[in-house]
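Structure data follow from start-v5.cif (mmCIF, C-alpha atoms):
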```
data_upload
#
loop_
_atom_site.label_atom_id
_atom_site.label_comp_id
_atom_site.auth_asym_id
_atom_site.auth_seq_id
_atom_site.Cartn_x
_atom_site.Cartn_y
_atom_site.Cartn_z
CA MET A 1 0.00 0.00 0.00
CA ASN A 2 1.05 3.59 -0.61
CA LYS A 3 3.00 4.79 2.45
CA LEU A 4 0.83 7.91 2.67
CA LEU A 5 -2.32 5.76 2.93
CA SER A 6 -0.84 3.14 5.27
CA PRO A 7 -1.84 4.84 8.57
CA PHE A 8 -5.44 4.98 7.34
CA TYR A 9 -5.61 1.28 6.45
CA PRO A 10 -7.56 0.23 9.60
CA PHE A 11 -10.15 2.92 8.91
CA LEU A 12 -10.54 1.67 5.35
CA GLN A 13 -11.02 -1.88 6.62
CA LYS A 14 -13.70 -0.76 9.06
CA ALA A 15 -15.40 1.39 6.44
CA ARG A 16 -15.73 -1.64 4.19
CA PHE A 17 -17.74 -3.48 6.85
CA ALA A 18 -19.38 -0.50 8.57
CA LYS A 19 -22.89 -1.95 8.31
CA PHE A 20 -21.82 -5.33 9.70
CA ILE A 21 -19.96 -3.70 12.61
CA MET A 22 -23.15 -1.82 13.48
CA LEU A 23 -25.20 -5.05 13.35
CA PHE A 24 -22.62 -6.90 15.45
CA ASN A 25 -22.50 -4.19 18.12
CA LYS A 26 -26.32 -4.07 18.23
CA ALA A 27 -26.45 -7.86 18.67
CA LYS A 28 -24.10 -7.59 21.67
CA LYS A 29 -27.15 -6.57 23.69
CA HIS A 30 -28.17 -10.23 23.66
CA PRO A 31 -26.54 -12.63 26.17
CA LEU A 32 -23.34 -14.43 25.24
CA GLU A 33 -24.19 -18.14 25.07
CA GLU A 34 -21.48 -20.11 26.87
CA ASN A 35 -21.90 -23.35 24.92
CA LYS A 36 -22.40 -21.85 21.45
CA ILE A 37 -19.74 -22.21 18.76
CA LEU A 38 -19.83 -20.59 15.34
CA MET A 39 -17.65 -22.14 12.62
CA PHE A 40 -17.26 -19.46 9.95
CA THR A 41 -15.47 -20.05 6.64
CA THR A 42 -15.82 -18.34 3.27
CA ALA A 43 -12.78 -19.93 1.61
CA ARG A 44 -14.41 -23.29 0.88
CA GLY A 45 -17.73 -24.48 -0.45
CA LYS A 46 -18.39 -26.80 2.47
CA LEU A 47 -17.02 -27.42 5.92
CA GLY A 48 -13.75 -29.34 5.80
CA GLY A 49 -10.28 -29.63 7.27
CA ASN A 50 -9.82 -28.69 10.91
CA LEU A 51 -13.32 -27.31 11.37
CA ALA A 52 -14.91 -30.54 10.16
CA ALA A 53 -12.59 -32.62 12.36
CA ILE A 54 -13.45 -30.57 15.46
CA LYS A 55 -17.17 -30.77 14.73
CA LYS A 56 -16.94 -34.53 14.21
CA TYR A 57 -15.18 -34.98 17.56
CA ILE A 58 -17.78 -32.85 19.36
CA GLU A 59 -20.65 -34.82 17.86
CA GLU A 60 -19.14 -38.29 18.32
CA ASN A 61 -18.30 -37.58 21.96
CA GLU A 62 -21.58 -35.80 22.68
CA ILE A 63 -19.83 -32.68 23.96
CA ASP A 64 -22.23 -30.16 25.47
CA CYS A 65 -21.98 -27.56 22.68
CA LYS A 66 -24.28 -25.99 20.12
CA VAL A 67 -22.35 -25.77 16.84
CA ASN A 68 -23.44 -23.53 13.97
CA THR A 69 -21.63 -23.64 10.63
CA PHE A 70 -21.62 -20.85 8.05
CA THR A 71 -19.80 -21.48 4.78
CA SER A 72 -19.67 -19.73 1.41
CA VAL A 73 -22.51 -21.88 0.06
CA ASP A 74 -24.89 -21.59 3.01
CA MET A 75 -24.24 -18.08 4.33
CA PRO A 76 -27.33 -16.44 5.85
CA ASP A 77 -28.11 -12.71 5.71
CA GLU A 78 -25.84 -10.18 7.43
CA ALA A 79 -28.12 -9.65 10.41
CA THR A 80 -28.20 -13.38 11.16
CA VAL A 81 -24.42 -13.71 10.83
CA ALA A 82 -23.92 -10.71 13.12
CA TYR A 83 -26.31 -12.10 15.73
CA GLU A 84 -24.72 -15.56 15.73
CA MET A 85 -21.22 -14.10 15.93
CA ALA A 86 -22.14 -11.72 18.74
CA THR A 87 -23.83 -14.42 20.83
CA SER A 88 -21.31 -17.25 20.30
CA ARG A 89 -18.65 -17.67 22.94
CA PHE A 90 -16.35 -19.23 20.34
CA ILE A 91 -15.93 -18.12 16.73
CA LEU A 92 -13.71 -20.51 14.78
CA VAL A 93 -12.13 -19.60 11.43
CA ASP A 94 -9.68 -21.55 9.28
CA ASP A 95 -8.41 -19.00 6.76
CA PHE A 96 -8.17 -15.30 5.92
CA GLU A 97 -11.54 -13.82 6.96
CA PRO A 98 -11.67 -10.01 6.53
CA LEU A 99 -15.09 -9.74 8.17
CA VAL A 100 -13.92 -10.79 11.64
CA TYR A 101 -10.83 -8.59 11.86
CA VAL A 102 -12.81 -5.35 12.21
CA LEU A 103 -14.81 -6.60 15.21
CA LYS A 104 -14.29 -5.68 18.83
CA LEU A 105 -14.95 -8.94 20.63
CA ARG A 106 -16.98 -9.19 23.80
CA GLU A 107 -15.45 -9.92 27.18
CA ASN A 108 -14.83 -13.68 27.49
CA GLN A 109 -15.47 -14.19 23.78
CA HIS A 110 -12.93 -16.18 21.75
CA LEU A 111 -11.93 -15.82 18.10
CA VAL A 112 -9.84 -18.91 17.30
CA GLN A 113 -7.79 -19.39 14.13
CA VAL A 114 -7.48 -23.09 13.23
CA TRP A 115 -5.43 -22.29 10.09
CA HIS A 116 -5.95 -24.55 7.06
CA ALA A 117 -2.23 -25.21 6.51
CA MET A 118 0.22 -26.68 9.00
CA GLY A 119 3.90 -26.53 9.84
CA ALA A 120 5.91 -23.47 8.82
CA PHE A 121 7.11 -23.45 5.22
CA LYS A 122 6.49 -20.46 2.94
CA LYS A 123 6.36 -17.14 4.77
CA PHE A 124 2.86 -15.78 5.23
CA GLY A 125 1.01 -13.01 7.01
CA TYR A 126 3.17 -10.39 8.70
CA SER A 127 6.31 -12.47 8.12
CA ARG A 128 6.27 -11.24 4.52
CA LYS A 129 8.09 -8.02 3.75
CA SER A 130 5.16 -6.86 1.62
CA ALA A 131 2.64 -7.13 4.49
CA GLU A 132 0.75 -3.99 5.48
CA LYS A 133 1.88 -3.63 9.10
CA ASN A 134 -0.93 -1.23 10.07
CA SER A 135 -3.61 -3.71 9.00
CA LEU A 136 -6.11 -5.12 11.49
CA THR A 137 -5.88 -8.53 9.79
CA HIS A 138 -5.32 -11.48 12.16
CA LYS A 139 -4.57 -9.28 15.17
CA ASN A 140 -7.72 -9.98 17.20
CA TYR A 141 -7.33 -13.76 17.49
CA THR A 142 -7.58 -14.83 21.10
CA GLU A 143 -6.00 -18.19 20.20
CA ALA A 144 -4.40 -19.84 17.19
CA ILE A 145 -3.32 -23.47 16.98
CA VAL A 146 -0.06 -24.94 15.66
CA SER A 147 1.35 -28.38 14.99
CA SER A 148 4.44 -28.07 17.20
CA PRO A 149 5.78 -25.86 20.02
CA GLU A 150 8.90 -25.11 17.95
CA ILE A 151 6.92 -23.08 15.43
CA ALA A 152 4.72 -21.13 17.89
CA LYS A 153 6.95 -18.08 17.58
CA ILE A 154 6.62 -18.15 13.78
CA TYR A 155 2.81 -18.12 13.91
CA ALA A 156 2.86 -15.34 16.50
CA GLU A 157 4.92 -13.28 14.06
CA ALA A 158 2.74 -14.19 11.05
CA PHE A 159 -0.47 -13.20 12.88
CA SER A 160 1.13 -10.31 14.80
CA ILE A 161 -0.16 -11.57 18.14
CA ASP A 162 1.56 -12.46 21.40
CA GLU A 163 3.11 -15.91 21.52
CA SER A 164 1.03 -16.73 24.60
CA ARG A 165 -2.02 -16.87 22.29
CA ILE A 166 -0.45 -19.63 20.17
CA LYS A 167 -1.55 -23.07 21.36
CA PRO A 168 0.44 -26.15 20.24
CA VAL A 169 -2.43 -28.63 20.42
CA GLY A 170 -1.77 -30.15 17.00
CA VAL A 171 -3.82 -30.12 13.80
CA PRO A 172 -7.27 -31.75 14.18
CA ARG A 173 -7.60 -32.86 10.55
CA THR A 174 -4.47 -35.03 10.92
CA ASP A 175 -6.28 -37.28 13.41
CA LEU A 176 -7.63 -39.21 10.43
CA LEU A 177 -4.07 -40.23 9.53
CA PHE A 178 -4.09 -42.38 12.68
CA ASP A 179 -7.53 -43.89 12.08
CA GLU A 180 -6.86 -47.45 10.91
CA ALA A 181 -10.44 -48.13 9.85
CA TYR A 182 -10.47 -44.99 7.73
CA ARG A 183 -7.09 -45.86 6.21
CA LYS A 184 -8.27 -49.32 5.17
CA LYS A 185 -11.43 -47.89 3.62
CA ILE A 186 -9.49 -45.29 1.60
CA VAL A 187 -6.82 -47.75 0.43
CA LYS A 188 -9.53 -50.15 -0.75
CA ARG A 189 -11.37 -47.36 -2.57
CA LEU A 190 -8.28 -46.00 -4.34
CA TYR A 191 -7.13 -49.42 -5.56
CA GLU A 192 -10.64 -50.12 -6.82
CA LYS A 193 -10.61 -46.77 -8.57
CA GLN A 194 -7.35 -47.62 -10.32
CA PRO A 195 -6.52 -51.37 -10.19
CA LYS A 196 -3.32 -50.83 -12.21
CA LEU A 197 -1.74 -49.34 -9.07
CA LYS A 198 -1.76 -52.72 -7.36
CA GLY A 199 1.68 -54.25 -6.95
CA LYS A 200 3.43 -51.01 -7.91
CA LYS A 201 5.58 -48.66 -5.90
CA ILE A 202 3.81 -45.33 -5.98
CA CYS A 203 5.36 -41.91 -6.51
CA LEU A 204 2.94 -39.06 -5.79
CA PHE A 205 3.82 -35.91 -7.74
CA ALA A 206 2.04 -33.01 -6.00
CA PRO A 207 3.46 -29.58 -6.85
CA THR A 208 1.93 -26.30 -5.73
CA PHE A 209 0.95 -23.51 -8.11
CA ARG A 210 2.96 -20.58 -9.42
CA GLY A 211 1.29 -17.19 -9.72
CA ASN A 212 -0.48 -14.91 -7.26
CA ASN A 213 -3.94 -16.42 -6.99
CA VAL A 214 -6.57 -18.65 -8.60
CA ASN A 215 -6.79 -16.35 -11.62
CA ASP A 216 -3.19 -16.75 -12.78
CA ALA A 217 -2.27 -20.02 -11.06
CA HIS A 218 -0.22 -22.39 -13.21
CA TYR A 219 2.57 -24.96 -13.16
CA PRO A 220 5.28 -24.47 -15.81
CA SER A 221 5.03 -27.34 -18.29
CA ALA A 222 8.79 -27.22 -18.86
CA PHE A 223 9.36 -28.38 -15.29
CA MET A 224 7.92 -31.88 -15.69
CA ASN A 225 7.90 -34.47 -18.45
CA VAL A 226 5.88 -37.32 -16.93
CA GLU A 227 6.80 -39.68 -19.75
CA LYS A 228 10.50 -39.28 -18.99
CA LEU A 229 9.89 -39.63 -15.25
CA ALA A 230 7.86 -42.83 -15.68
CA ASP A 231 10.46 -44.35 -18.01
CA ALA A 232 13.33 -43.41 -15.69
CA LEU A 233 11.57 -44.96 -12.69
CA GLY A 234 10.85 -48.20 -14.54
CA ARG A 235 7.82 -50.45 -14.75
CA GLU A 236 7.82 -51.37 -11.08
CA TRP A 237 6.72 -47.80 -10.31
CA ALA A 238 3.46 -45.92 -10.91
CA VAL A 239 3.15 -42.13 -10.81
CA ILE A 240 0.08 -40.37 -9.42
CA ILE A 241 -0.28 -36.72 -10.38
CA LYS A 242 -2.16 -34.39 -8.04
CA TYR A 243 -1.76 -30.74 -8.95
CA HIS A 244 -2.93 -27.92 -6.67
CA PRO A 245 -6.67 -27.31 -7.27
CA PHE A 246 -5.92 -23.81 -8.60
CA ILE A 247 -3.90 -25.21 -11.53
CA LYS A 248 -5.93 -25.59 -14.71
CA ASN A 249 -3.23 -26.05 -17.38
CA ILE A 250 -2.83 -29.77 -16.75
CA PRO A 251 -1.10 -31.58 -19.64
CA ASP A 252 -2.48 -34.80 -21.06
CA ILE A 253 -0.83 -38.06 -20.06
CA PRO A 254 0.95 -39.67 -23.06
CA GLU A 255 -0.70 -42.91 -24.18
CA ASN A 256 2.47 -44.99 -23.92
CA VAL A 257 2.68 -44.39 -20.13
CA ALA A 258 -1.06 -44.25 -19.41
CA ASP A 259 -0.84 -47.67 -17.72
CA ARG A 260 1.47 -46.28 -15.01
CA VAL A 261 0.81 -42.51 -14.82
CA PHE A 262 -2.55 -41.44 -13.40
CA ASP A 263 -4.20 -38.07 -12.83
CA PHE A 264 -5.92 -37.99 -9.42
CA GLY A 265 -6.97 -34.36 -9.71
CA ASP A 266 -10.55 -35.31 -8.89
CA GLU A 267 -9.54 -36.47 -5.41
CA ARG A 268 -10.60 -33.78 -2.92
CA GLU A 269 -8.24 -34.82 -0.13
CA ILE A 270 -4.59 -35.26 -1.00
CA ASN A 271 -4.08 -36.82 2.44
CA ASP A 272 -6.10 -39.82 1.27
CA ILE A 273 -3.61 -40.46 -1.54
CA LEU A 274 -0.75 -40.42 0.99
CA PHE A 275 -2.03 -43.72 2.40
CA ILE A 276 -0.89 -45.51 -0.78
CA THR A 277 2.19 -43.34 -1.45
CA ASP A 278 5.71 -44.72 -1.24
CA VAL A 279 7.53 -41.47 -2.09
CA LEU A 280 6.12 -37.95 -2.24
CA VAL A 281 7.56 -35.48 -4.75
CA THR A 282 6.55 -31.89 -4.12
CA ASP A 283 8.11 -28.44 -4.12
CA TYR A 284 6.67 -25.81 -1.74
CA SER A 285 3.51 -27.54 -0.53
CA SER A 286 2.62 -28.10 3.12
CA VAL A 287 1.62 -31.67 2.23
CA ILE A 288 5.19 -32.56 3.27
CA PHE A 289 4.07 -32.28 6.89
CA GLU A 290 1.18 -34.73 6.61
CA ASN A 291 3.44 -37.01 4.58
CA ALA A 292 6.01 -37.06 7.38
CA ILE A 293 3.38 -38.00 9.96
CA LEU A 294 2.86 -41.19 7.94
CA ASN A 295 6.64 -41.75 7.85
CA ASN A 296 6.66 -41.53 4.06
CA PRO A 297 9.90 -40.31 2.48
CA SER A 298 9.85 -37.22 0.28
CA VAL A 299 11.88 -35.55 -2.43
CA LEU A 300 11.73 -31.82 -3.05
CA TYR A 301 11.79 -31.00 -6.74
CA ALA A 302 12.23 -27.27 -7.30
CA PRO A 303 13.62 -26.14 -10.66
CA ASP A 304 12.87 -22.51 -9.76
CA LEU A 305 14.18 -22.57 -6.19
CA THR A 306 16.34 -19.43 -6.41
CA GLU A 307 13.56 -17.37 -7.99
CA TYR A 308 10.82 -18.65 -5.69
CA ASN A 309 12.88 -18.13 -2.55
CA GLY A 310 13.63 -14.57 -3.60
CA GLU A 311 9.95 -13.76 -4.11
CA ARG A 312 8.34 -15.59 -1.19
CA GLY A 313 10.99 -16.77 1.27
CA PHE A 314 10.98 -19.69 3.72
CA TYR A 315 11.12 -19.82 7.51
CA PHE A 316 14.05 -22.25 7.46
CA ASP A 317 16.64 -23.26 4.89
CA TYR A 318 14.86 -25.07 2.07
CA ASP A 319 16.90 -28.21 2.63
CA ALA A 320 15.41 -28.43 6.14
CA TYR A 321 12.01 -29.27 4.63
CA SER A 322 13.14 -32.39 2.84
CA CYS A 323 13.38 -35.69 4.61
CA GLY A 324 15.29 -36.77 1.53
CA GLN A 325 16.99 -35.03 -1.35
CA VAL A 326 16.52 -31.60 -2.92
CA VAL A 327 16.53 -31.80 -6.73
CA GLU A 328 16.55 -28.92 -9.20
CA LYS A 329 16.85 -30.89 -12.46
CA GLN A 330 14.42 -33.53 -13.66
CA GLU A 331 17.30 -35.72 -14.84
CA GLN A 332 18.14 -36.29 -11.15
CA LEU A 333 14.57 -36.83 -9.94
CA ALA A 334 13.96 -40.53 -10.65
CA GLU A 335 17.18 -41.60 -8.95
CA ALA A 336 16.31 -39.48 -5.90
CA VAL A 337 12.87 -41.13 -5.73
CA LYS A 338 14.28 -44.65 -5.98
CA ASN A 339 16.83 -43.94 -3.25
CA ALA A 340 14.44 -42.19 -0.84
CA GLU A 341 14.30 -43.67 2.66
CA ASN A 342 11.86 -43.17 5.51
CA HIS A 343 13.79 -44.38 8.54
CA THR A 344 16.28 -41.56 8.85
CA ASP A 345 17.45 -39.20 11.58
CA LYS A 346 16.53 -36.34 9.28
CA LEU A 347 12.90 -37.45 9.19
CA GLU A 348 12.77 -37.73 12.99
CA ARG A 349 14.25 -34.24 13.41
CA PHE A 350 11.76 -32.92 10.87
CA LYS A 351 8.80 -34.45 12.73
CA LYS A 352 10.01 -33.14 16.09
CA ARG A 353 10.35 -29.62 14.75
CA PHE A 354 7.15 -29.38 12.73
CA VAL A 355 4.54 -32.01 13.73
CA SER A 356 5.32 -33.23 17.24
CA CYS A 357 1.76 -32.52 18.45
CA CYS A 358 0.10 -34.39 15.58
CA ASP A 359 -0.39 -37.80 17.19
CA GLY A 360 -4.05 -38.61 16.62
CA GLY A 361 -5.26 -36.62 19.63
CA SER A 362 -5.34 -33.07 18.25
CA SER A 363 -9.14 -32.74 18.16
CA ARG A 364 -9.39 -33.93 21.76
CA ARG A 365 -6.74 -31.44 22.92
CA PHE A 366 -8.46 -28.63 21.03
CA VAL A 367 -11.79 -29.37 22.69
CA GLU A 368 -10.23 -29.74 26.15
CA GLU A 369 -7.66 -26.93 26.07
CA ILE A 370 -9.32 -24.32 23.85
CA LEU A 371 -13.05 -24.98 24.35
CA GLY A 372 -12.57 -26.12 27.95
CA LYS A 373 -14.76 -29.21 27.46
CA LYS A 374 -14.26 -32.84 28.43
CA ALA A 375 -15.58 -35.86 26.56
#
```

Using the file provided, produce a representation of the structure as structure tokens.
Amino acid sequence: MNKLLSPFYPFLQKARFAKFIMLFNKAKKHPLEENKILMFTTARGKLGGNLAAIKKYIEENEIDCKVNTFTSVDMPDEATVAYEMATSRFILVDDFEPLVYVLKLRENQHLVQVWHAMGAFKKFGYSRKSAEKNSLTHKNYTEAIVSSPEIAKIYAEAFSIDESRIKPVGVPRTDLLFDEAYRKKIVKRLYEKQPKLKGKKICLFAPTFRGNNVNDAHYPSAFMNVEKLADALGREWAVIIKYHPFIKNIPDIPENVADRVFDFGDEREINDILFITDVLVTDYSSVIFENAILNNPSVLYAPDLTEYNGERGFYFDYDAYSCGQVVEKQEQLAEAVKNAENHTDKLERFKKRFVSCCDGGSSRRFVEEILGKKA
């Protein structure tokens, strides 16, 4: 933002939602309901991720709570949203939500950020040099959750809140990774979906997008030749491709490798594919953290590492995010995949730093430590 306008940024944010602020403050006249929780998300069409995991735990354990969910596809009118927000003791969000940042919360009211990503990889929020420091964004969270105590300070910086508000309870959506019944169901479904995967070692290629947003998101075609990768890996391997949902320029799979290269872009949850993955290949995606929880090895393939690092930046040295090898040329990729190992000291250090609280009990800890409820 223009430096001359920067001091006025909070006023501009409030002006944008002036009507809603008025409705919210009017609704404060009603009592705050101790057991009421509002899950509010406009980033996704339906409830998912951490919010869905928390709701599932509350329902399955019959926790004494009234849970309302507002998403982009079932959002009521402004007056209803304002009333529910003003009377809910807990407001849970899982992404960037401009509407909540302009609100002055009530005494004993909680605005909890259960952030959709995990770990600490690409810099975000106020960690980025380009961030508008005078913004109200993120600053009124009463709590935010993280996957490990070691990265609490990073999230405090990114949200510009005191570190005491960062709670290392883990990431609720990762509880499914420890659910054996769920794992068996997903593995069965995926092999039925694509029987040619049976008996193969599986390399999951899951790069993130380049560009600023959904409108210009892409993955450079020059970075990956799946035919060459499949041939270099050999016939004992299969390759599953899962691009970021923003990426639309997905190349066709050549016919001569169509029996061992498969596009799983229609799978909503990449975590499900991790159950059948032997080696993950990604670049700057937070899927590396979920992958490590399952003790799967990974290879980081980043042909544009120097450029990307200069534009975005990482919290740690890039090499620290790989439990295996960092590769910048495709000619080296297949060999790195074939040599990847999961039982390494590097993987254990990685898990301790980034996902030590993700042990299958994150939803329980959230409910007990943040909501103050017992099953």

Computed interatomic separation between CA of His30 (chain A) and CA of Asn140 (chain A) (Å):
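About the pair CA of His30 (chain A) and CA of Asn140 (chain A): they are 21.4 Å apart.
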
Going by the chain IDs and residue numbers used in this file, which residues fall under the PyMOL selection byres ((chain A and resi 44-49) around 12)? Write them as a PyMOL selection string.
chain A and resi 38-43+50-56+68-75+92-97+114-118+171-176+245+268-271+363

Run the PyMOL selection byres ((chain A and resi 247) around 12) mentally over the shown coordinates, then write out the matched residues as a PDB file with C-alpha atoms, keeping the file's coordinate frame, using the chain letters and numbers from the document.
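expr24.pdb written:
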```pdb
ATOM      1  CA  ALA A 206       2.040 -33.010  -6.000  1.00  0.00           C
ATOM      2  CA  PRO A 207       3.460 -29.580  -6.850  1.00  0.00           C
ATOM      3  CA  THR A 208       1.930 -26.300  -5.730  1.00  0.00           C
ATOM      4  CA  PHE A 209       0.950 -23.510  -8.110  1.00  0.00           C
ATOM      5  CA  ARG A 210       2.960 -20.580  -9.420  1.00  0.00           C
ATOM      6  CA  GLY A 211       1.290 -17.190  -9.720  1.00  0.00           C
ATOM      7  CA  ASN A 212      -0.480 -14.910  -7.260  1.00  0.00           C
ATOM      8  CA  ASN A 213      -3.940 -16.420  -6.990  1.00  0.00           C
ATOM      9  CA  VAL A 214      -6.570 -18.650  -8.600  1.00  0.00           C
ATOM     10  CA  ASN A 215      -6.790 -16.350 -11.620  1.00  0.00           C
ATOM     11  CA  ASP A 216      -3.190 -16.750 -12.780  1.00  0.00           C
ATOM     12  CA  ALA A 217      -2.270 -20.020 -11.060  1.00  0.00           C
ATOM     13  CA  HIS A 218      -0.220 -22.390 -13.210  1.00  0.00           C
ATOM     14  CA  TYR A 219       2.570 -24.960 -13.160  1.00  0.00           C
ATOM     15  CA  PRO A 220       5.280 -24.470 -15.810  1.00  0.00           C
ATOM     16  CA  SER A 221       5.030 -27.340 -18.290  1.00  0.00           C
ATOM     17  CA  LYS A 242      -2.160 -34.390  -8.040  1.00  0.00           C
ATOM     18  CA  TYR A 243      -1.760 -30.740  -8.950  1.00  0.00           C
ATOM     19  CA  HIS A 244      -2.930 -27.920  -6.670  1.00  0.00           C
ATOM     20  CA  PRO A 245      -6.670 -27.310  -7.270  1.00  0.00           C
ATOM     21  CA  PHE A 246      -5.920 -23.810  -8.600  1.00  0.00           C
ATOM     22  CA  LYS A 248      -5.930 -25.590 -14.710  1.00  0.00           C
ATOM     23  CA  ASN A 249      -3.230 -26.050 -17.380  1.00  0.00           C
ATOM     24  CA  ILE A 250      -2.830 -29.770 -16.750  1.00  0.00           C
ATOM     25  CA  PRO A 251      -1.100 -31.580 -19.640  1.00  0.00           C
ATOM     26  CA  GLY A 265      -6.970 -34.360  -9.710  1.00  0.00           C
TER      27      GLY A 265
END
```

In Å to one decimal, how far is CA of Cys203 (chain A) from CA of Val239 (chain A)?
4.8 Å

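We find CA of Ile58 (chain A) and CA of Asp359 (chain A) to be spaced 18.2 Å apart.
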
Apply the PyMOL selection byres ((chain A and resi 12-29) around 6) to the file shown and report the selected residues as a ChimeraX atom specification.
/A:9-11,30,82-83,86,102

Selected residue, from A:Tyr155, A:Ile276, A:Ser130, A:Ile240, that lies nearest to Glu311 (chain A) when counting only C-alpha atoms
A:Ser130

From the list A:Lys338, A:Leu111, A:Tyr182, A:Ser160, the nearest residue to Ala238 (chain A) using only C-alpha atoms is A:Lys338

Could you tell me which of A:Tyr308, A:Leu99, A:Asp266, A:Tyr321 comes closest to Val81 (chain A) if we count all atoms listed in the file?
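So, comparing all the options, the nearest one is A:Leu99.
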
Complete the atom set of region 19-25 of chain A to all heavy atoms and return it as a short mmCIF file (atom, residue, chain, number, x, y, z; two decimals), keeping the file's coordinate frame.
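The new file result_23.cif reads:
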```cif
data_model
loop_
_atom_site.label_atom_id
_atom_site.label_comp_id
_atom_site.auth_asym_id
_atom_site.auth_seq_id
_atom_site.Cartn_x
_atom_site.Cartn_y
_atom_site.Cartn_z
N LYS A 19 -21.54 -1.46 8.01
CA LYS A 19 -22.89 -1.95 8.31
C LYS A 19 -22.83 -3.19 9.21
O LYS A 19 -23.59 -3.30 10.18
CB LYS A 19 -23.64 -2.27 7.02
CG LYS A 19 -25.05 -2.81 7.26
CD LYS A 19 -25.72 -3.22 5.96
CE LYS A 19 -27.09 -3.86 6.23
NZ LYS A 19 -27.74 -4.34 4.98
N PHE A 20 -21.91 -4.10 8.90
CA PHE A 20 -21.82 -5.33 9.70
C PHE A 20 -21.36 -5.01 11.12
O PHE A 20 -21.86 -5.60 12.08
CB PHE A 20 -20.85 -6.32 9.06
CG PHE A 20 -20.85 -7.66 9.74
CD1 PHE A 20 -21.83 -8.60 9.45
CD2 PHE A 20 -19.91 -7.97 10.70
CE1 PHE A 20 -21.86 -9.83 10.11
CE2 PHE A 20 -19.92 -9.19 11.36
CZ PHE A 20 -20.90 -10.13 11.06
N ILE A 21 -20.42 -4.09 11.28
CA ILE A 21 -19.96 -3.70 12.61
C ILE A 21 -21.13 -3.17 13.43
O ILE A 21 -21.29 -3.50 14.61
CB ILE A 21 -18.84 -2.64 12.51
CG1 ILE A 21 -17.59 -3.24 11.88
CG2 ILE A 21 -18.52 -2.06 13.89
CD1 ILE A 21 -16.52 -2.23 11.55
N MET A 22 -21.98 -2.37 12.80
CA MET A 22 -23.15 -1.82 13.48
C MET A 22 -24.09 -2.95 13.92
O MET A 22 -24.56 -2.97 15.06
CB MET A 22 -23.89 -0.87 12.54
CG MET A 22 -25.16 -0.27 13.14
SD MET A 22 -26.16 0.59 11.90
CE MET A 22 -26.76 -0.82 10.94
N LEU A 23 -24.33 -3.93 13.03
CA LEU A 23 -25.20 -5.05 13.35
C LEU A 23 -24.61 -5.91 14.47
O LEU A 23 -25.33 -6.37 15.37
CB LEU A 23 -25.43 -5.91 12.11
CG LEU A 23 -26.27 -5.29 10.99
CD1 LEU A 23 -26.18 -6.14 9.73
CD2 LEU A 23 -27.72 -5.12 11.44
N PHE A 24 -23.31 -6.11 14.43
CA PHE A 24 -22.62 -6.90 15.45
C PHE A 24 -22.73 -6.22 16.81
O PHE A 24 -23.06 -6.86 17.82
CB PHE A 24 -21.15 -7.09 15.05
CG PHE A 24 -20.34 -7.90 16.04
CD1 PHE A 24 -20.38 -9.29 16.02
CD2 PHE A 24 -19.53 -7.27 16.97
CE1 PHE A 24 -19.63 -10.04 16.93
CE2 PHE A 24 -18.78 -8.01 17.88
CZ PHE A 24 -18.83 -9.40 17.86
N ASN A 25 -22.45 -4.93 16.85
CA ASN A 25 -22.50 -4.19 18.12
C ASN A 25 -23.93 -4.16 18.67
O ASN A 25 -24.14 -4.23 19.89
CB ASN A 25 -21.97 -2.78 17.93
CG ASN A 25 -20.46 -2.76 17.72
OD1 ASN A 25 -19.76 -3.68 18.14
ND2 ASN A 25 -19.96 -1.73 17.06
#
```
